[in-house]
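*Asks:* This is the structure I have questions about; it appears just below.
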Amino acid sequence: MISLLGGLKSGEEALTIHFEISESQTYEALLNARLHELSEGHSQSTLFKKIGDRQYLPVDFDNHARSLADMIDQSVSRVTSAQDEPLAMQLRNVSARLKNHEHAEQALKELDIFLEITNRKGGELELITDLRFRKANLQDRWNQLGSVPGTDFAQEGKDLVLRKARSTTGERLSSSTQLLAFYDEALACSTPTNPTCSRAA
């Protein structure tokens, strides 16, 4: 179970993180812009660029960077131990530079370095585990919002299914972040023909 949850201790913790990311004003602005595109009948998004198979990033670099900054701010706010504070301070510095267009690109690289370090222990490990899950959750949301309703996924009866070239694949999502993004964002953005979306409650 811990493996499925990316190292988090419980499904409740995973859901808390998922809903906290939903509350990010930067992410919410991008989501609402995508829903507006779909409500106008534009299934192919101009808000995202494809970087791989079912992989997308926001076209707006500042939105990309600020979304990650919001994620860091949410994560370090959970720090409760003085022993974790040095790492939290370093991450706050990365967050501040992500919000500055001039320094954001370098800050993105530094964030990746923080997330790749594996010899964390105690509270630092919990903080980085939290941050890794948030980043995976955010990326899977972007991947879902960049996808095309009816072509890449669709609602068939009461079920949401993955598609490729409009054909149902039978493929199954393997991680909790993929599942959360699929059944949240895809549910809001899915109708077979004329995608008029409303945010899932």
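Chain labels run A, B, ... following the order of the structure tokens; each chain numbers its residues from 1, and ligands are numbered from 1 in the order shown.
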For segment 57-74 of chain A, please output as a CSV table (one decimal) with N, CA and C atoms, in the first residue's frame all residues within 8 Å (counting only C-alpha atoms; exclusion window: fewer than 3 positions along the same chain).
*Replies:*
```
chain,number,residue,atom,x,y,z
A,20,GLU,N,-5.5,19.7,-1.4
A,20,GLU,CA,-4.8,20.9,-1.2
A,20,GLU,C,-4.3,21.5,-2.5
A,21,ILE,N,-3.8,20.6,-3.4
A,21,ILE,CA,-3.4,21.1,-4.7
A,21,ILE,C,-4.5,21.8,-5.4
A,24,SER,N,-4.9,25.4,-4.8
A,24,SER,CA,-3.9,26.4,-5.3
A,24,SER,C,-4.5,27.3,-6.3
A,26,THR,N,-3.1,29.2,-8.4
A,26,THR,CA,-2.4,29.1,-9.7
A,26,THR,C,-3.0,27.9,-10.5
A,27,TYR,N,-3.1,26.8,-9.8
A,27,TYR,CA,-3.6,25.6,-10.5
A,27,TYR,C,-5.1,25.8,-10.9
A,30,LEU,N,-5.5,27.7,-14.1
A,30,LEU,CA,-5.3,26.9,-15.3
A,30,LEU,C,-6.4,26.0,-15.5
A,46,THR,N,-4.8,24.7,-26.1
A,46,THR,CA,-3.7,25.6,-26.5
A,46,THR,C,-2.9,26.0,-25.2
A,47,LEU,N,-3.3,25.4,-24.0
A,47,LEU,CA,-2.7,25.8,-22.8
A,47,LEU,C,-1.6,24.8,-22.4
A,48,PHE,N,-1.5,23.7,-23.1
A,48,PHE,CA,-0.5,22.7,-22.7
A,48,PHE,C,0.3,22.3,-23.9
A,49,LYS,N,1.5,21.9,-23.7
A,49,LYS,CA,2.4,21.4,-24.7
A,49,LYS,C,2.7,19.9,-24.4
A,50,LYS,N,2.8,19.1,-25.4
A,50,LYS,CA,3.1,17.7,-25.2
A,50,LYS,C,4.6,17.5,-25.1
A,51,ILE,N,5.0,16.7,-24.1
A,51,ILE,CA,6.4,16.5,-23.9
A,51,ILE,C,6.7,15.0,-24.0
A,77,SER,N,4.6,23.9,4.8
A,77,SER,CA,3.7,24.4,5.9
A,77,SER,C,3.4,23.2,6.9
A,78,ARG,N,3.6,22.0,6.4
A,78,ARG,CA,3.3,20.8,7.3
A,78,ARG,C,4.5,20.5,8.2
A,91,LEU,N,13.9,25.0,0.8
A,91,LEU,CA,12.8,24.8,-0.1
A,91,LEU,C,12.0,26.1,-0.2
A,92,ARG,N,11.9,26.9,0.8
A,92,ARG,CA,11.2,28.2,0.8
A,92,ARG,C,12.0,29.1,-0.2
A,94,VAL,N,13.8,28.1,-2.8
A,94,VAL,CA,13.5,27.6,-4.1
A,94,VAL,C,12.1,28.1,-4.5
A,95,SER,N,11.1,28.1,-3.6
A,95,SER,CA,9.8,28.6,-4.0
A,95,SER,C,9.8,30.1,-4.3
A,96,ALA,N,10.5,30.9,-3.6
A,96,ALA,CA,10.6,32.3,-3.8
A,96,ALA,C,11.2,32.6,-5.2
A,98,LEU,N,11.1,30.4,-7.8
A,98,LEU,CA,10.2,30.0,-8.8
A,98,LEU,C,9.1,31.0,-9.1
A,99,LYS,N,8.9,31.9,-8.2
A,99,LYS,CA,7.9,33.0,-8.4
A,99,LYS,C,8.5,34.2,-9.1
A,101,HIS,N,10.4,35.2,-12.5
A,101,HIS,CA,10.6,34.7,-13.8
A,101,HIS,C,12.1,34.6,-14.1
A,104,ALA,N,13.4,31.5,-12.2
A,104,ALA,CA,12.6,30.3,-12.1
A,104,ALA,C,13.2,29.0,-12.8
A,108,LEU,N,13.8,25.5,-10.9
A,108,LEU,CA,13.3,24.2,-11.3
A,108,LEU,C,14.3,23.1,-11.3
A,131,LEU,N,6.5,16.1,-0.7
A,131,LEU,CA,6.7,16.9,-1.9
A,131,LEU,C,6.8,16.1,-3.2
A,134,ARG,N,3.2,15.4,-4.1
A,134,ARG,CA,2.5,16.5,-4.7
A,134,ARG,C,3.0,16.8,-6.1
A,135,LYS,N,4.3,16.7,-6.4
A,135,LYS,CA,4.7,16.9,-7.7
A,135,LYS,C,4.2,15.9,-8.7
A,139,GLN,N,1.7,16.8,-11.8
A,139,GLN,CA,2.1,16.4,-13.2
A,139,GLN,C,1.0,15.6,-13.8
A,142,TRP,N,-1.8,17.8,-14.9
A,142,TRP,CA,-1.5,18.4,-16.2
A,142,TRP,C,-1.6,17.5,-17.3
A,143,ASN,N,-1.2,16.2,-17.1
A,143,ASN,CA,-1.3,15.2,-18.2
A,143,ASN,C,-2.8,15.0,-18.6
A,146,GLY,N,-4.3,18.2,-20.4
A,146,GLY,CA,-3.8,18.3,-21.7
A,146,GLY,C,-4.4,17.3,-22.7
```
*Asks:* If you run DSSP over the backbone, which residues in segment 45-139 of chain A end up strand (DSSP E or B)? Put them as a ChimeraX atom specification.
*Replies:* /A:48-52,55-58
*Asks:* Generate a file of the selected residues that holds N, CA and C atoms, formatted as a short mmCIF file (atom, residue, chain, number, x, y, z; two decimals), in the first residue's frame.
*Replies:*
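For reference, part.cif as written:
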```cif
data_model
loop_
_atom_site.label_atom_id
_atom_site.label_comp_id
_atom_site.auth_asym_id
_atom_site.auth_seq_id
_atom_site.Cartn_x
_atom_site.Cartn_y
_atom_site.Cartn_z
N PHE A 48 -1.51 23.71 -23.07
CA PHE A 48 -0.53 22.69 -22.72
C PHE A 48 0.30 22.30 -23.93
N LYS A 49 1.55 21.92 -23.66
CA LYS A 49 2.41 21.39 -24.71
C LYS A 49 2.75 19.93 -24.39
N LYS A 50 2.80 19.12 -25.41
CA LYS A 50 3.06 17.70 -25.23
C LYS A 50 4.56 17.47 -25.13
N ILE A 51 4.99 16.73 -24.11
CA ILE A 51 6.41 16.47 -23.92
C ILE A 51 6.72 14.97 -23.99
N GLY A 52 5.69 14.15 -24.21
CA GLY A 52 5.86 12.70 -24.29
C GLY A 52 4.51 12.04 -24.43
N GLN A 55 2.00 12.94 -21.79
CA GLN A 55 2.73 13.82 -20.88
C GLN A 55 2.62 15.26 -21.38
N TYR A 56 2.20 16.17 -20.48
CA TYR A 56 1.99 17.56 -20.84
C TYR A 56 2.53 18.50 -19.77
N LEU A 57 2.91 19.69 -20.21
CA LEU A 57 3.26 20.79 -19.31
C LEU A 57 2.49 22.04 -19.74
N PRO A 58 2.23 22.95 -18.81
CA PRO A 58 1.60 24.21 -19.21
C PRO A 58 2.48 24.97 -20.19
#
```
*Asks:* Which value, in Å to one decimal, gives the distance between atom CA of Asp140 of chain A and atom CA of Gln178 of chain A?
*Replies:* 5.5 Å
*Asks:* May I ask for the distance between atom CA of Ala88 of chain A and atom CA of Ser75 of chain A, given in Å to one decimal place?
*Replies:*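 If I compute the distance from atom CA of Ala88 of chain A to atom CA of Ser75 of chain A, I get 8.9 Å.
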